[in-house]
Amino acid sequence: MSLPVLQVKGLDKSYIGVHALDHVDFDLNEMEIHALLGENGAGKSTFMKILDGSVIKDGGRIFINGQEVNITNPHQAQQLGIGMVYQELSLIPNLTVAENIFLGRWPRRKLFKSVNWRQIYRQSKEALKRLGASIDVKERVNNLGMGERQLTEIARAISMNVKILLLDEPTSALSDEERERLFAMVRALKETGVSIIYVSHRLSEVPQICDRVTVLRDGKKIDTLPVNQADESTLIKMMVGRNIGERFPKEKIQEGKEILRVKNLTINGRLNNLDLNLHQGEVLGIFGIMGAGRTEFARALFGIDKINKGDIFISGKRVDISSPENAIREGLGYLTEDRQGGLLMRMAIPQNITLPSLKRFNRFGFLRHSDERKIARDYIENLGIQTPKLDQKVEFLSGGNQQKVALAKWLCSQSKILILDEPTRGIDVGAKIEVYHLINDLSKCGVGIILLSSELPEVLNMSDRILVMSDGSFVGEFKGGEASQEDLLRSAVAKK
Amino acid sequence: MAKKSSNSKIFSLEWLKSLVVTRQKRAKLLIMTMFIVIGGVFLYFAVTAPGFLTVGNATNMAQRMPADIIVAVAQTMVIIGAGIDLSVGAVLAFCGSLTAVSFCYWGLPVWVAIILGLVAGLSIGSVTGLIITKGRIPDFIATLGMMVTIRGVALILTGGLPVPSHVTAVKLRAYLPPAIIWLGSGKIFGIPVSLIISLAIVAIGWLVLRHTTLGRSIFAIGGNKEAAAISGINVDLTKIKTYALSGLLSALAGIILIGRMNSANALMSDPANLDSIAAVVIGGTDLFGGQGGVIGSLFGAGVLSVLKNVLNLHNVQDFAQRVFTGILIIGVVVIDQLRRRFTR
C-alpha cells in the first residue's frame, strides 16, 4: 500500500460562533475518487476551501505525498497540484473557452511579451481532449450549455497539471445525459493518475463513480466507508444523525375541482401548443431533461415571458396573465429554480416573505410593520425555518432555510396554484424531506401544485400525475406510481 | 495572585493582546483608529478655523445646506433603487430659472410660478423614468443625456443671463417675489425656513423608504430586480415614480436656491450631481442599490458642507478645496468598505 496522496490530520477551523471543522482526519489515495458527503453546514465547503487555499486553517496538519505543507493562498495550492472546481461556475461568459481555460496565466511570447494565442488554443484543445470533450475552444462561454461549461471549468483545472482535483457539486446543474458524460470523464481522468475529492448532494451518484465515502456532520467526521458498504440509507443515517424515515413521504390526497386549465400555450420556437389541467390538491409533475422547456413554461404561465398564443383558465374562468403582478392576483405562486433569483438576499426574512403580498400590509399607504413581523414569526415557526433572529438577512441562511423562506412568500400570498421549479435542488436530505412534507400539507389545503424537476425519483414519487416534456412540447403522460424511471427517460429523449 | 493583579490593570499587556488576537478585532481596531484620527484632525481644523464657532457662521452654513440636503434625499432614493440621477443639478437650475422667468418676465403670480417650477421638475423626472424603463436605456446614460438637454433648455430659457437681469428687454418685474426670498433666506425663531423644509423632506424621505409600499418596492428592485418582478412588484412604475420624485425634489431645491441667491441662472448648482452622490455614499448607502437610507445622506451632506466651510475659513482656495473633497469621499468609502468586509 503506497502512501496516500493527501493526508489531513486534525484539521480545525472556527468562525465566530461556529465550529466549522472539528479535528477532521481524512486521506486520499492515489487514483481514488473519494466522496465527501454531509448536509449543508456540515463543513464540506470549509474543508475544500482550506485545501484550495481560499480559507486558512486554525489547526491541524496537511501532508501531500507524505510531506507536510502549509497552504496559505490559492496560488500555492495550484503549485502543489490542487485544483478546485466550484459549484458556482467561475467562468467569464463573454470570453472564449480557451481564454477562460488560461484565465490569468496567458502564456507570453518572448518578443514584446504579447499573448501567445497559438499555444493557448493548442493546450486548451489538449486539455479538453483529455476529458473526451468536443468543445470548440474559440466558442464564447455564454453560448455553451451548463454541462459544457462545467467541462471547461474542469479543463481549466487539469490544464494546471493537477494531481488532486476538488469537485464541489459538479452535477447540480446538469441534465442526466450531461451527468453521464461528466462521470465518464471523471473516470477517465482518474485513469490518468488524478485523485479526486467529490462533493455531492445526490446520494445515488456515490456508488456510480466513487471508491470511498467520508461523511461529515456538524464539522465532525462521522466515518469513512468503502463504497460497497455504503448504501443509501446508511449514508443518510450518517449524514442526518437519526433515522429520517421515508425519503419520499408522499400522501394520497383526494383531488378536488379543476383549478387550472392551459390551452395551446405557445411561444414561437420555444413552446408548442401546451395543454394541461390541474386539480385542487393534485401534484402534477413535469419532467424533462435540461433544455426541454420546463422553466420556459413556468415563466410563460407566470406572466414573466410574453406568450404568442394560448388561453389560461383558472377555476373555469378565462384570465389574462401578462405580468407576475396579474399572476399573483389570480392566485399563482412561482418558486424559482434558482434561489438567488427569487429572493432578496440582502433583505431580512419578514421583508422577503411579504413581498408578493405587500398590498395586504398596506394601510393608508403605510406598511404595518407589526403585522408583517407577526406573520413572519408564524411562518418561521410553522415551517421550521432555523434562524438566530427574526430580522436575519436571507443571505446568511442555509440553502434549505432559504428555500423555506421562498416557499413562505407564496404561502403568505395565499397561492392556490403553486409552480415549484426544482424545489429541492442544492439542499440537503433532511431539508428535502421537509419540503416534501410541505408539499403534502399544501395539497391537503387544496393547493394545486406543478412540480418541475429533473430528478427522476422526486418526480416519480411525489407526483399524482406526470407530464413529460421534450423540445417545448408535452410528449407523454403517466400516472404517478405506475411509471418507472426508464419509462420517463425513454419518453423524454424519444425523437418525435 | 500575580494573575489577578495583571487583570486589574486597565492597560495591561494582556488587554492589548486581547484586542488584536483575531483578524476581525485587528481590523476593527484599525478602522476605529482611522475614524478617530481623521475625525480628530477634522475637528482640530474646524475649531481652529477663524470664526468657525460663531453664530453667524452657523447660520451661514444652515442656509447653504438645505438645497444640498434635499437633492441628496432625491439621490438616495434613486441610488437605493439601483439607479443614479446625473440630471439633478440641471433640473434644479432649470426649474429654479423657470420659476424666476415665469414670475419676472411672464408676469405670473408667485404661487403659479412656484407650482410651475415643481410640476416641471416632476414631469422631467417622469420623462427620465419613462426613457429608462420603456426605452431600456441604462440609468447612467439616460440621465446623462437629460443633464445636457435640460441644462441647454435652461440656457435657452434665460438667454444665458441671470434672472432677473437689467440687460433683458422684456422686464415685467426686476425682482424676485418676497415669498421665494422668504423660502430661501427667511427665518422662523432664528432658524432658516429652508433648513426646516429640508429636514421635513428628510423625514418624509425616511417615511417613504421605511414605511410605505413604494419605499419597500424601491429597496426590492435595487436589491434584485428579477426577484422583485417575480414577486409582483411593478418594476417600471416604481422606477418612474422614483425619478419623478427625484425631479420634484430637485425643483424644490432649485426654488429654495434662487430664494437664497436672490437670482436665478441656468448655470447654477453645477456640482450638485457629484456632491449629492458623494453625500449619499458618505452616508453609507450602497452605490449598487438595495441598502441605505436618507438619514445617512443627511449626515453625508452635513460633513461635506462643514468641510467646505472649514476650508473657506482657512482661506484654502477653491481649486484646492476640490482636492480635499475628493480625498474625503475616497477615504470615507474605503473605510466603509473595510468595515463591511471585516465585520461580517
# chains A, B, ... in the order shown; residues from 1 in each chain; ligands from 1
call {"tool": "interface_residues", "arguments": {"of": "chain A", "to": "chain B", "cutoff": "6 Å", "atoms": "only C-alpha atoms", "output": "PyMOL selection string"}}
result
chain A and resi 324-325+341-344+356+365-367
call {"tool": "write_last_selection", "arguments": {"atoms": "N, CA and C atoms", "output": "short mmCIF file (atom, residue, chain, number, x, y, z; two decimals), in the first residue's frame"}}
result
data_model
loop_
_atom_site.label_atom_id
_atom_site.label_comp_id
_atom_site.auth_asym_id
_atom_site.auth_seq_id
_atom_site.Cartn_x
_atom_site.Cartn_y
_atom_site.Cartn_z
N PRO A 324 -46.26 39.12 -13.75
CA PRO A 324 -46.30 38.39 -12.47
C PRO A 324 -47.33 39.01 -11.51
N GLU A 325 -47.47 40.34 -11.60
CA GLU A 325 -48.45 41.02 -10.75
C GLU A 325 -49.85 40.42 -10.96
N GLY A 341 -32.30 34.05 -7.62
CA GLY A 341 -33.17 34.84 -8.48
C GLY A 341 -34.54 35.07 -7.89
N GLY A 342 -34.89 34.37 -6.83
CA GLY A 342 -36.23 34.50 -6.29
C GLY A 342 -36.27 35.22 -4.95
N LEU A 343 -35.12 35.39 -4.33
CA LEU A 343 -35.09 36.02 -3.01
C LEU A 343 -34.26 37.29 -3.06
N LEU A 344 -34.56 38.19 -2.14
CA LEU A 344 -33.73 39.37 -1.97
C LEU A 344 -32.75 39.04 -0.87
N PRO A 356 -44.60 39.47 -2.11
CA PRO A 356 -45.65 39.32 -3.12
C PRO A 356 -47.02 39.80 -2.62
N GLY A 365 -51.52 53.72 2.75
CA GLY A 365 -50.21 53.95 2.14
C GLY A 365 -49.04 53.58 3.03
N PHE A 366 -49.31 53.24 4.29
CA PHE A 366 -48.20 52.89 5.17
C PHE A 366 -48.18 51.39 5.46
N LEU A 367 -46.97 50.86 5.58
CA LEU A 367 -46.83 49.44 5.86
C LEU A 367 -47.08 49.18 7.34
#
call {"tool": "residues_around", "arguments": {"residues": "stretch 269-279 of chain A", "least_positions_apart": "5", "cutoff": "6 Å", "atoms": "only C-alpha atoms", "output": "ChimeraX atom specification"}}
result
/A:256-264,448,472-473
call {"tool": "atom_distance", "arguments": {"atom1": "atom CA of B:Pro178", "atom2": "atom CA of B:Ala266"}}
result
21.0 Å
call {"tool": "residues_around", "arguments": {"residues": "B:Ala174", "least_positions_apart": "2", "cutoff": "9 Å", "atoms": "only C-alpha atoms", "output": "list in words"}}
result
Cys104, Tyr105, Val163, Pro164, Ser165, His166, Lys171, Leu172 and Leu176 of chain B
call {"tool": "select_by_dssp", "arguments": {"residues": "stretch 154-294 of chain B", "states": "alpha helix (DSSP H)", "output": "PyMOL selection string"}}
result
chain B and resi 154-158+178-185+193-211+213-223+225-230+235-261+272-282+294
call {"tool": "atom_distance", "arguments": {"atom1": "atom CA of A:Phe287", "atom2": "atom CA of A:Glu455"}}
result
8.0 Å
call {"tool": "residues_around", "arguments": {"residues": "A:Arg490", "least_positions_apart": "5", "cutoff": "12 Å", "atoms": "only C-alpha atoms", "output": "list in words"}}
result
Phe287, Gly288, Ile289, Val468, Met469, Ser470, Val475, Gly476, Ala483, Ser484, Gln485, Lys495 and Lys496 of chain A
call {"tool": "atom_distance", "arguments": {"atom1": "atom CA of A:Glu486", "atom2": "atom CA of A:Pro457"}}
result
11.0 Å
call {"tool": "closest_residue", "arguments": {"among": "B:Gly125, B:Gly259, B:Gly159, B:Gly145", "to": "B:Trp182", "atoms": "only C-alpha atoms"}}
result
B:Gly259
call {"tool": "residues_around", "arguments": {"residues": "stretch 137-152 of chain A", "least_positions_apart": "2", "cutoff": "8 Å", "atoms": "only C-alpha atoms", "output": "JSON, numbers by chain"}}
result
{"A": [89, 91, 92, 93, 94, 95, 96, 97, 98, 100, 101, 121, 124, 125, 128, 131, 133, 135, 154, 155, 156, 170, 173, 174, 175, 178, 179, 182]}
call {"tool": "write_last_selection", "arguments": {"atoms": "C-alpha atoms", "output": "short mmCIF file (atom, residue, chain, number, x, y, z; two decimals), in the first residue's frame"}}
result
data_model
loop_
_atom_site.label_atom_id
_atom_site.label_comp_id
_atom_site.auth_asym_id
_atom_site.auth_seq_id
_atom_site.Cartn_x
_atom_site.Cartn_y
_atom_site.Cartn_z
CA LEU A 89 -19.11 28.33 -12.08
CA LEU A 91 -16.12 31.36 -15.89
CA ILE A 92 -16.31 34.71 -17.63
CA PRO A 93 -19.23 34.42 -20.04
CA ASN A 94 -18.11 36.75 -22.79
CA LEU A 95 -14.64 35.28 -23.20
CA THR A 96 -13.90 32.19 -25.26
CA VAL A 97 -13.40 28.71 -23.88
CA ALA A 98 -9.66 28.88 -24.44
CA ASN A 100 -11.20 31.03 -19.81
CA ILE A 101 -9.06 27.94 -19.52
CA TYR A 121 -5.53 27.19 -28.35
CA SER A 124 -6.81 24.13 -24.44
CA LYS A 125 -7.60 21.60 -27.13
CA LEU A 128 -10.42 19.18 -23.49
CA LEU A 131 -11.59 14.93 -20.95
CA ALA A 133 -15.00 16.63 -24.69
CA ILE A 135 -15.95 21.79 -27.49
CA ILE A 154 -12.57 21.13 -15.22
CA ALA A 155 -10.34 21.54 -18.26
CA ARG A 156 -9.03 24.69 -16.66
CA PRO A 170 -20.41 19.32 -10.21
CA ALA A 173 -26.97 21.98 -12.72
CA LEU A 174 -26.58 19.17 -15.21
CA SER A 175 -29.10 17.03 -17.03
CA GLU A 178 -24.61 15.58 -19.28
CA ARG A 179 -24.07 13.94 -15.94
CA LEU A 182 -19.19 14.00 -16.77
#
call {"tool": "closest_residue", "arguments": {"among": "A:Ile71, A:Val55, A:Leu355, A:Met31", "to": "A:Leu189", "atoms": "only C-alpha atoms"}}
result
A:Met31
call {"tool": "select_by_dssp", "arguments": {"residues": "stretch 176-336 of chain B", "states": "strand (DSSP E)", "output": "list in words"}}
result
Lys187, Ile188, Ile191 and Pro192 of chain B
call {"tool": "residues_around", "arguments": {"residues": "A:Asp231", "least_positions_apart": "2", "cutoff": "12 Å", "atoms": "only C-alpha atoms", "output": "list in words"}}
result
Leu203, Ser204, Glu205, Val206, Pro207, Gln208, Arg212, Val213, Leu225, Pro226, Val227, Asn228, Gln229, Ser233, Thr234, Leu235, Ile236, Lys237 and Met238 of chain A
call {"tool": "residues_around", "arguments": {"residues": "A:Val283", "least_positions_apart": "6", "cutoff": "8 Å", "atoms": "only C-alpha atoms", "output": "PyMOL selection string"}}
result
chain A and resi 443+448-451+462-465
call {"tool": "write_last_selection", "arguments": {"atoms": "N, CA and C atoms", "output": "PDB file, in the first residue's frame"}}
result
ATOM      1  N   SER A 443     -51.120  20.289  -0.447  1.00  0.00           N
ATOM      2  CA  SER A 443     -52.129  19.532  -1.191  1.00  0.00           C
ATOM      3  C   SER A 443     -53.378  19.348  -0.349  1.00  0.00           C
ATOM      4  N   GLY A 448     -53.187  23.417  -5.755  1.00  0.00           N
ATOM      5  CA  GLY A 448     -52.725  22.622  -6.882  1.00  0.00           C
ATOM      6  C   GLY A 448     -51.250  22.897  -7.099  1.00  0.00           C
ATOM      7  N   ILE A 449     -50.467  21.849  -7.263  1.00  0.00           N
ATOM      8  CA  ILE A 449     -49.020  22.049  -7.356  1.00  0.00           C
ATOM      9  C   ILE A 449     -48.476  21.529  -8.671  1.00  0.00           C
ATOM     10  N   ILE A 450     -47.698  22.360  -9.349  1.00  0.00           N
ATOM     11  CA  ILE A 450     -46.979  21.914 -10.543  1.00  0.00           C
ATOM     12  C   ILE A 450     -45.530  21.754 -10.149  1.00  0.00           C
ATOM     13  N   LEU A 451     -45.034  20.511 -10.189  1.00  0.00           N
ATOM     14  CA  LEU A 451     -43.684  20.226  -9.725  1.00  0.00           C
ATOM     15  C   LEU A 451     -42.778  20.006 -10.932  1.00  0.00           C
ATOM     16  N   MET A 462     -43.283  11.872  -5.918  1.00  0.00           N
ATOM     17  CA  MET A 462     -44.070  12.935  -5.308  1.00  0.00           C
ATOM     18  C   MET A 462     -45.282  13.350  -6.132  1.00  0.00           C
ATOM     19  N   SER A 463     -45.378  12.901  -7.402  1.00  0.00           N
ATOM     20  CA  SER A 463     -46.447  13.401  -8.259  1.00  0.00           C
ATOM     21  C   SER A 463     -47.629  12.447  -8.298  1.00  0.00           C
ATOM     22  N   ASP A 464     -48.837  13.011  -8.489  1.00  0.00           N
ATOM     23  CA  ASP A 464     -50.011  12.197  -8.751  1.00  0.00           C
ATOM     24  C   ASP A 464     -50.075  11.837 -10.224  1.00  0.00           C
ATOM     25  N   ARG A 465     -49.544  12.742 -11.044  1.00  0.00           N
ATOM     26  CA  ARG A 465     -49.605  12.579 -12.477  1.00  0.00           C
ATOM     27  C   ARG A 465     -48.351  13.226 -13.028  1.00  0.00           C
TER      28      ARG A 465
END
